[in-house]
file work-v9.txt (compact mmCIF, C-alpha atoms)
# COMPACT_ATOMS: atom_id res chain seq x y z
CA MET E 101 -19.39 -18.52 -7.01
CA LYS E 102 -16.64 -15.92 -7.40
CA ASN E 103 -13.05 -17.15 -7.61
CA LYS E 104 -11.12 -16.77 -4.39
CA VAL E 105 -8.39 -14.13 -4.38
CA THR E 106 -5.12 -15.77 -3.32
CA LYS E 107 -2.47 -13.86 -5.30
CA ALA E 108 -1.19 -10.34 -4.69
CA VAL E 109 1.09 -8.22 -6.87
CA LEU E 110 3.32 -5.77 -4.98
CA PRO E 111 5.03 -3.20 -7.24
CA VAL E 112 8.28 -2.24 -5.47
CA ALA E 113 10.53 -1.18 -8.35
CA GLY E 114 10.57 2.54 -7.52
CA LEU E 115 13.77 4.37 -6.66
CA GLY E 116 12.39 6.06 -3.54
CA THR E 117 13.97 9.37 -4.54
CA ARG E 118 11.90 11.37 -2.03
CA PHE E 119 13.78 9.56 0.74
CA LEU E 120 17.33 10.07 -0.50
CA PRO E 121 19.98 9.68 0.75
CA ALA E 122 18.47 6.93 2.97
CA THR E 123 17.29 4.99 -0.09
CA LYS E 124 20.66 5.15 -1.84
CA SER E 125 21.46 1.69 -0.46
CA VAL E 126 18.26 0.65 1.38
CA PRO E 127 14.99 -0.03 -0.48
CA LYS E 128 12.26 2.35 0.66
CA GLU E 129 10.03 -0.62 1.49
CA ILE E 130 12.51 -1.70 4.18
CA LEU E 131 12.44 1.64 6.01
CA PRO E 132 11.04 1.03 9.52
CA LEU E 133 7.68 2.25 10.72
CA VAL E 134 8.23 1.97 14.49
CA ASP E 135 9.88 -1.49 14.55
CA ARG E 136 8.58 -3.10 11.35
CA PRO E 137 9.55 -2.26 7.78
CA LEU E 138 6.84 -0.77 5.59
CA ILE E 139 6.58 -3.93 3.52
CA GLN E 140 5.70 -6.02 6.58
CA TYR E 141 2.52 -4.02 7.17
CA THR E 142 1.43 -4.82 3.61
CA ILE E 143 2.27 -8.51 3.98
CA ASP E 144 0.37 -8.77 7.27
CA GLU E 145 -2.67 -7.10 5.68
CA ALA E 146 -2.52 -9.46 2.70
CA ARG E 147 -2.27 -12.56 4.86
CA ALA E 148 -5.29 -11.44 6.89
CA ALA E 149 -7.23 -11.29 3.60
CA GLY E 150 -6.32 -14.86 2.62
CA ILE E 151 -3.45 -14.10 0.25
CA THR E 152 -1.03 -17.03 -0.01
CA GLU E 153 1.05 -16.12 -3.08
CA PHE E 154 3.06 -12.90 -3.32
CA ILE E 155 4.49 -11.52 -6.56
CA PHE E 156 7.00 -8.70 -6.12
CA VAL E 157 7.76 -6.53 -9.14
CA THR E 158 11.28 -5.36 -8.39
CA SER E 159 14.27 -3.68 -10.00
CA ARG E 160 18.03 -3.46 -9.52
CA GLY E 161 19.11 -2.60 -5.98
CA LYS E 162 16.26 -4.42 -4.23
CA SER E 163 18.22 -7.43 -2.97
CA ALA E 164 17.79 -6.34 0.67
CA LEU E 165 14.03 -6.61 0.18
CA GLU E 166 14.39 -10.17 -1.10
CA ASP E 167 16.74 -11.09 1.75
CA TYR E 168 14.26 -9.78 4.32
CA PHE E 169 11.89 -12.67 3.63
CA ASP E 170 14.58 -15.35 3.88
CA GLY E 171 15.23 -17.34 7.03
CA ALA E 172 18.06 -16.17 9.32
CA PRO E 173 19.42 -19.39 10.90
CA GLU E 174 22.28 -17.75 12.85
CA LEU E 175 20.06 -15.03 14.29
CA GLU E 176 17.36 -17.55 15.17
CA ALA E 177 19.93 -19.79 16.86
CA ALA E 178 21.23 -16.86 18.93
CA LEU E 179 17.72 -15.90 20.03
CA ARG E 180 16.92 -19.51 20.87
CA GLU E 181 20.10 -19.84 22.91
CA GLY E 182 19.25 -16.62 24.75
CA LYS E 183 15.71 -17.92 25.40
CA LYS E 184 14.26 -14.87 23.68
CA THR E 185 11.08 -16.62 22.65
CA HIS E 186 9.11 -13.45 21.99
CA LEU E 187 11.68 -12.19 19.50
CA LEU E 188 11.77 -15.59 17.82
CA ASN E 189 8.00 -15.39 17.29
CA VAL E 190 8.35 -11.87 15.88
CA LEU E 191 11.03 -13.09 13.49
CA LYS E 192 8.87 -15.96 12.26
CA GLN E 193 6.31 -13.46 10.98
CA THR E 194 8.89 -12.21 8.48
CA ASN E 195 9.52 -15.63 6.94
CA MET E 196 7.79 -16.84 3.79
CA ASP E 197 7.13 -20.45 2.92
CA SER E 198 9.16 -21.80 0.03
CA GLY E 199 7.31 -21.10 -3.20
CA ALA E 200 5.04 -18.44 -1.67
CA VAL E 201 7.12 -15.56 -3.05
CA ALA E 202 8.13 -14.79 -6.62
CA TYR E 203 10.16 -11.86 -7.95
CA VAL E 204 9.77 -10.30 -11.39
CA ARG E 205 12.05 -7.57 -12.71
CA GLN E 206 10.60 -4.38 -14.19
CA GLN E 207 13.57 -3.49 -16.37
CA GLU E 208 12.25 -0.05 -17.34
CA ARG E 209 9.99 2.20 -15.31
CA ARG E 210 6.93 2.87 -17.42
CA GLY E 211 4.25 3.31 -14.77
CA LEU E 212 2.09 1.22 -12.47
CA GLY E 213 0.20 -0.41 -15.33
CA HIS E 214 3.45 -1.65 -16.84
CA ALA E 215 4.64 -2.94 -13.45
CA VAL E 216 1.48 -5.01 -12.96
CA TRP E 217 1.65 -6.27 -16.55
CA CYS E 218 5.17 -7.58 -15.86
CA ALA E 219 3.60 -10.12 -13.45
CA ARG E 220 1.02 -11.42 -15.97
CA ARG E 221 2.52 -14.88 -16.50
CA LEU E 222 2.52 -15.58 -12.75
CA ILE E 223 -1.03 -14.30 -12.30
CA GLY E 224 -2.56 -16.50 -14.96
CA ASP E 225 -6.31 -16.57 -15.51
CA GLU E 226 -7.61 -15.70 -12.05
CA PRO E 227 -8.47 -12.60 -10.03
CA PHE E 228 -5.63 -10.97 -8.13
CA ALA E 229 -4.94 -8.16 -5.72
CA VAL E 230 -2.56 -5.25 -6.26
CA MET E 231 -1.15 -3.64 -3.12
CA LEU E 232 1.05 -0.54 -3.02
CA PRO E 233 3.28 -0.68 0.09
CA ASP E 234 3.50 3.14 0.17
CA ASP E 235 -0.12 3.18 1.33
CA VAL E 236 -0.19 1.97 4.94
CA ILE E 237 -3.75 1.61 6.23
CA ASP E 238 -4.58 1.44 9.91
CA ALA E 239 -7.90 -0.37 10.29
CA ASP E 240 -9.62 -2.65 12.78
CA THR E 241 -10.43 -4.99 9.88
CA PRO E 242 -7.54 -4.89 7.40
CA CYS E 243 -8.44 -2.97 4.25
CA LEU E 244 -7.87 -5.79 1.76
CA ARG E 245 -9.93 -8.16 3.88
CA GLN E 246 -12.80 -5.66 3.78
CA MET E 247 -12.49 -5.56 0.00
CA VAL E 248 -12.30 -9.35 -0.38
CA GLU E 249 -15.55 -9.67 1.53
CA ALA E 250 -17.22 -7.07 -0.71
CA TYR E 251 -15.70 -8.69 -3.82
CA ALA E 252 -17.38 -11.98 -2.89
CA GLU E 253 -20.68 -10.19 -3.51
CA HIS E 254 -19.81 -8.17 -6.63
CA GLY E 255 -16.97 -9.90 -8.48
CA GLY E 256 -15.56 -7.94 -11.40
CA ASN E 257 -12.98 -5.33 -10.44
CA MET E 258 -12.75 -3.33 -7.24
CA VAL E 259 -10.67 -0.32 -6.22
CA ALA E 260 -10.25 1.16 -2.75
CA ALA E 261 -11.50 4.74 -2.55
CA MET E 262 -11.33 7.68 -0.19
CA GLU E 263 -12.23 11.34 -0.35
CA VAL E 264 -9.33 13.76 -0.80
CA PRO E 265 -9.22 17.58 -0.77
CA THR E 266 -10.17 19.03 -4.16
CA ALA E 267 -6.78 20.71 -4.36
CA ASN E 268 -5.14 17.25 -4.31
CA VAL E 269 -7.19 15.42 -6.96
CA SER E 270 -4.48 15.99 -9.60
CA SER E 271 -2.28 13.52 -7.68
CA TYR E 272 -4.71 10.59 -7.89
CA GLY E 273 -6.89 8.46 -10.10
CA ILE E 274 -10.38 9.91 -9.59
CA LEU E 275 -13.72 8.09 -9.78
CA ASP E 276 -16.87 9.19 -11.56
CA VAL E 277 -19.77 7.78 -9.56
CA ALA E 278 -23.50 8.37 -9.39
CA ASN E 279 -24.53 7.96 -5.75
CA PRO E 280 -21.85 6.36 -3.55
CA THR E 281 -24.23 5.97 -0.62
CA SER E 282 -22.90 2.61 0.57
CA SER E 283 -19.42 1.29 1.23
CA SER E 284 -19.31 -0.35 -2.22
CA PHE E 285 -20.68 1.33 -5.34
CA LYS E 286 -20.67 1.14 -9.13
CA VAL E 287 -18.06 3.20 -10.97
CA ARG E 288 -19.10 4.78 -14.26
CA GLY E 289 -15.77 6.38 -15.11
CA MET E 290 -12.16 6.85 -14.01
CA VAL E 291 -9.61 9.49 -14.88
CA GLU E 292 -5.95 9.62 -13.91
CA LYS E 293 -4.64 12.82 -12.28
CA PRO E 294 -7.21 15.29 -13.63
CA LYS E 295 -7.03 19.02 -13.10
CA ALA E 296 -9.14 20.09 -10.14
CA ASP E 297 -11.71 21.89 -12.29
CA LEU E 298 -12.13 18.83 -14.55
CA ALA E 299 -12.30 16.14 -11.87
CA PRO E 300 -15.61 14.23 -11.78
CA SER E 301 -15.45 13.96 -7.96
CA ASN E 302 -13.00 14.01 -5.09
CA LEU E 303 -13.15 10.23 -4.62
CA ALA E 304 -9.61 9.01 -5.17
CA VAL E 305 -8.29 5.54 -5.86
CA ILE E 306 -5.65 4.49 -3.34
CA GLY E 307 -3.26 1.57 -3.38
CA ARG E 308 -5.53 -1.46 -3.01
CA TYR E 309 -7.14 -3.23 -5.97
CA ILE E 310 -8.84 -6.53 -6.76
CA LEU E 311 -8.69 -7.08 -10.51
CA SER E 312 -9.76 -9.56 -13.15
CA PRO E 313 -7.23 -10.96 -15.65
CA ASP E 314 -9.05 -8.95 -18.36
CA VAL E 315 -7.24 -5.89 -17.02
CA LEU E 316 -3.95 -7.53 -17.97
CA THR E 317 -5.24 -8.02 -21.53
CA ASN E 318 -6.11 -4.33 -21.64
CA LEU E 319 -2.51 -3.54 -20.72
CA ASP E 320 -1.06 -5.54 -23.61
CA ASP E 321 -1.02 -2.59 -25.99
CA MET E 322 1.12 -0.54 -23.56
CA LYS E 323 -0.86 2.60 -24.31
CA GLU E 324 0.65 5.60 -22.54
CA GLY E 325 -1.62 7.83 -20.48
CA ALA E 326 -1.12 10.66 -17.99
CA GLY E 327 2.51 11.61 -17.48
CA GLY E 328 3.58 9.51 -20.46
CA GLU E 329 3.23 6.34 -18.35
CA VAL E 330 1.20 3.16 -18.77
CA GLN E 331 -1.60 3.78 -16.28
CA LEU E 332 -3.34 0.96 -14.43
CA THR E 333 -6.33 3.30 -14.06
CA ASP E 334 -6.82 3.38 -17.84
CA ALA E 335 -6.82 -0.42 -18.09
CA ILE E 336 -9.41 -0.68 -15.31
CA ALA E 337 -11.54 2.07 -16.88
CA ALA E 338 -11.66 0.04 -20.11
CA GLU E 339 -13.57 -2.62 -18.19
CA ILE E 340 -16.36 -0.13 -17.47
CA ALA E 341 -17.07 0.23 -21.18
CA ALA E 342 -16.54 -3.45 -21.96
CA ARG E 343 -18.30 -5.15 -19.04
CA ASP E 344 -19.60 -2.49 -16.63
CA ASN E 345 -18.09 -4.40 -13.71
CA VAL E 346 -15.94 -1.89 -11.84
CA TYR E 347 -16.75 -1.03 -8.24
CA GLY E 348 -15.36 1.41 -5.73
CA TYR E 349 -15.00 0.47 -2.10
CA ARG E 350 -14.94 3.10 0.62
CA PHE E 351 -12.85 1.32 3.24
CA LYS E 352 -13.03 1.86 6.99
CA GLY E 353 -9.65 2.95 8.32
CA ARG E 354 -7.00 5.63 8.12
CA ARG E 355 -4.57 5.73 5.22
CA PHE E 356 -1.04 7.10 5.48
CA ASP E 357 0.91 8.04 2.38
CA CYS E 358 4.30 6.70 3.40
CA GLY E 359 5.67 7.54 -0.03
CA SER E 360 6.02 11.12 1.20
CA GLN E 361 8.14 12.35 4.08
CA ALA E 362 5.19 14.06 5.77
CA GLY E 363 2.98 10.97 5.51
CA TYR E 364 5.76 8.75 6.79
CA LEU E 365 6.27 10.99 9.83
CA GLN E 366 2.53 11.10 10.48
CA ALA E 367 2.36 7.32 10.36
CA THR E 368 5.31 7.04 12.74
CA VAL E 369 3.52 9.23 15.29
CA ALA E 370 0.17 7.46 14.87
CA PHE E 371 1.57 3.93 15.09
CA GLY E 372 3.96 4.94 17.88
CA ILE E 373 1.26 6.25 20.22
CA ALA E 374 -0.92 3.25 19.39
CA ARG E 375 1.64 0.97 21.04
CA SER E 376 0.91 0.66 24.76
CA GLU E 377 4.59 0.24 25.68
CA PHE E 378 5.51 3.56 24.04
CA ARG E 379 2.34 5.58 24.37
CA GLU E 380 2.79 7.61 27.57
CA GLU E 381 6.47 8.37 27.12
CA PHE E 382 5.96 9.28 23.47
CA LEU E 383 2.93 11.49 24.22
CA ASP E 384 4.88 13.30 26.93
CA PHE E 385 7.65 13.95 24.43
CA LEU E 386 5.23 15.21 21.78
CA ARG E 387 3.51 17.53 24.27
CA ALA E 388 6.91 18.90 25.26
CA CYS E 389 7.79 19.50 21.59
CA VAL E 390 4.51 21.33 20.99
CA ASP E 391 5.03 23.37 24.15
CA LEU E 392 8.46 24.41 22.95
CA GLU E 393 6.98 25.59 19.67
CA THR E 394 4.08 27.48 21.28
CA PRO E 395 4.91 31.12 22.14
CA LYS E 396 4.48 31.84 25.86
CA PRO E 397 1.91 34.55 26.78
CA GLU E 398 4.63 36.81 28.14
CA LYS E 399 6.56 36.54 24.86
CA ILE E 400 3.44 37.37 22.85
CA ALA E 401 2.87 40.43 25.05
CA ALA E 402 6.47 41.51 24.59
CA ARG E 403 6.12 41.30 20.81
CA GLY E 404 2.97 43.46 20.96

call {"tool": "encode", "arguments": {"input": "work-v9.txt", "output": "structure tokens"}}
result
Amino acid sequence: MKNKVTKAVLPVAGLGTRFLPATKSVPKEILPLVDRPLIQYTIDEARAAGITEFIFVTSRGKSALEDYFDGAPELEAALREGKKTHLLNVLKQTNMDSGAVAYVRQQERRGLGHAVWCARRLIGDEPFAVMLPDDVIDADTPCLRQMVEAYAEHGGNMVAAMEVPTANVSSYGILDVANPTSSSFKVRGMVEKPKADLAPSNLAVIGRYILSPDVLTNLDDMKEGAGGEVQLTDAIAAEIAARDNVYGYRFKGRRFDCGSQAGYLQATVAFGIARSEFREEFLDFLRACVDLETPKPEKIAARG
């Protein structure tokens, strides 16, 4: 029987420079997507997959992220006094049980592989998930839960995968696969950020992983890869040669890259219109915006 996955590593040490000046004093993971911070979507997904222990790899300036998961007695008392039960229930979702959260500092930014390696002593000798909060995934069945169910069959190591345009493969870890005809499939090779003409496919790894502790051992030598960083992809790829136990999982759902401004805006629109209380008003506003940007027939004729 495969070991149950109960721990998740969340690398959140990045500076969020693409969102400056907002991230000068506010961690990017706290930026709101509709009315929840980005990190809450990741936590909710993890909980739905059975994760009970959360390991945050942080850096200086992330205290607001740590405070977010603390209780807020004065706020709770005010809501209770005002009989705002619904808001109290919403607030409870942000609280973590004592001992469920641990924070590890990444004192120098050396890549995703290094960030995960920093959590090695808290992971121990058991499988663990890695979740990148920048990747927000809208799915009927949460992405990590889909993967946990597939992992129960395969074991080993598993990475979430999706097809990306060929022009974009140089921004991702790319999988070399034989015939990915099912949702889960064997991986025979991985390469980090290849040039488009050298990429083995257009199947990209996105920010959800289930890994064995052997990957942490592979990271011990701190070998630098693409971009001069310690790449998690390289440590996972080493398991293909050593044990042939790496699988890709084509998840069902829509992924938003909230590490970019465009992806964050797209997610805001998608999650906004998905909320019944906002949908009609928001759609009317969007239609009006599009109408304003669309040249009227008489103006087109005038230009001709």

call {"tool": "atom_distance", "arguments": {"input": "work-v9.txt", "atom1": "atom CA of E:Leu383", "atom2": "atom CA of E:Thr368"}}
result
12.5 Å

call {"tool": "atom_distance", "arguments": {"input": "work-v9.txt", "atom1": "atom CA of E:Gly211", "atom2": "atom CA of E:Thr142"}}
result
20.3 Å

call {"tool": "residues_around", "arguments": {"input": "work-v9.txt", "residues": "E:Gly353", "least_positions_apart": "2", "cutoff": "10 Å", "atoms": "all atoms listed in the file", "output": "ChimeraX atom specification"}}
result
/E:237-243,262,350-351,355-356

call {"tool": "write_last_selection", "arguments": {"input": "work-v9.txt", "atoms": "C-alpha atoms", "output": "CSV table (one decimal), in the coordinates of the input"}}
result
chain,number,residue,atom,x,y,z
E,237,ILE,CA,-3.8,1.6,6.2
E,238,ASP,CA,-4.6,1.4,9.9
E,239,ALA,CA,-7.9,-0.4,10.3
E,240,ASP,CA,-9.6,-2.6,12.8
E,241,THR,CA,-10.4,-5.0,9.9
E,242,PRO,CA,-7.5,-4.9,7.4
E,243,CYS,CA,-8.4,-3.0,4.2
E,262,MET,CA,-11.3,7.7,-0.2
E,350,ARG,CA,-14.9,3.1,0.6
E,351,PHE,CA,-12.8,1.3,3.2
E,355,ARG,CA,-4.6,5.7,5.2
E,356,PHE,CA,-1.0,7.1,5.5

call {"tool": "closest_residue", "arguments": {"input": "work-v9.txt", "among": "E:Ser270, E:Ala335, E:Ala219, E:Phe385", "to": "E:Lys323", "atoms": "only C-alpha atoms"}}
result
E:Ala335

call {"tool": "atom_distance", "arguments": {"input": "work-v9.txt", "atom1": "atom CA of E:Arg221", "atom2": "atom CA of E:Glu166"}}
result
20.0 Å

call {"tool": "residues_around", "arguments": {"input": "work-v9.txt", "residues": "E:Arg118", "least_positions_apart": "5", "cutoff": "8 Å", "atoms": "all atoms listed in the file", "output": "PyMOL selection string"}}
result
chain E and resi 359-361

call {"tool": "residues_around", "arguments": {"input": "work-v9.txt", "residues": "stretch 299-316 of chain E", "least_positions_apart": "6", "cutoff": "6 Å", "atoms": "all atoms listed in the file", "output": "PyMOL selection string"}}
result
chain E and resi 217+225-232+235+257-264+266+272-276+335-336

call {"tool": "closest_residue", "arguments": {"input": "work-v9.txt", "among": "E:Val126, E:Ile143, E:Leu319, E:Ala177", "to": "E:Leu165", "atoms": "all atoms listed in the file"}}
result
E:Val126

call {"tool": "residues_around", "arguments": {"input": "work-v9.txt", "residues": "E:Phe119", "least_positions_apart": "2", "cutoff": "8 Å", "atoms": "all atoms listed in the file", "output": "PDB file with C-alpha atoms, in the coordinates of the input"}}
result
ATOM      1  CA  GLY E 116      12.390   6.060  -3.540  1.00  0.00           C
ATOM      2  CA  THR E 117      13.970   9.370  -4.540  1.00  0.00           C
ATOM      3  CA  PRO E 121      19.980   9.680   0.750  1.00  0.00           C
ATOM      4  CA  ALA E 122      18.470   6.930   2.970  1.00  0.00           C
ATOM      5  CA  THR E 123      17.290   4.990  -0.090  1.00  0.00           C
ATOM      6  CA  LYS E 128      12.260   2.350   0.660  1.00  0.00           C
ATOM      7  CA  SER E 360       6.020  11.120   1.200  1.00  0.00           C
ATOM      8  CA  GLN E 361       8.140  12.350   4.080  1.00  0.00           C
TER       9      GLN E 361
END

call {"tool": "closest_residue", "arguments": {"input": "work-v9.txt", "among": "E:Lys192, E:His254, E:His186, E:Arg147", "to": "E:Phe169", "atoms": "only C-alpha atoms"}}
result
E:Lys192

call {"tool": "closest_residue", "arguments": {"input": "work-v9.txt", "among": "E:Tyr251, E:Phe382, E:Lys352, E:Thr281", "to": "E:Asn103", "atoms": "all atoms listed in the file"}}
result
E:Tyr251

call {"tool": "closest_residue", "arguments": {"input": "work-v9.txt", "among": "E:Gly328, E:Glu339, E:Lys162, E:Pro137", "to": "E:Lys124", "atoms": "all atoms listed in the file"}}
result
E:Lys162
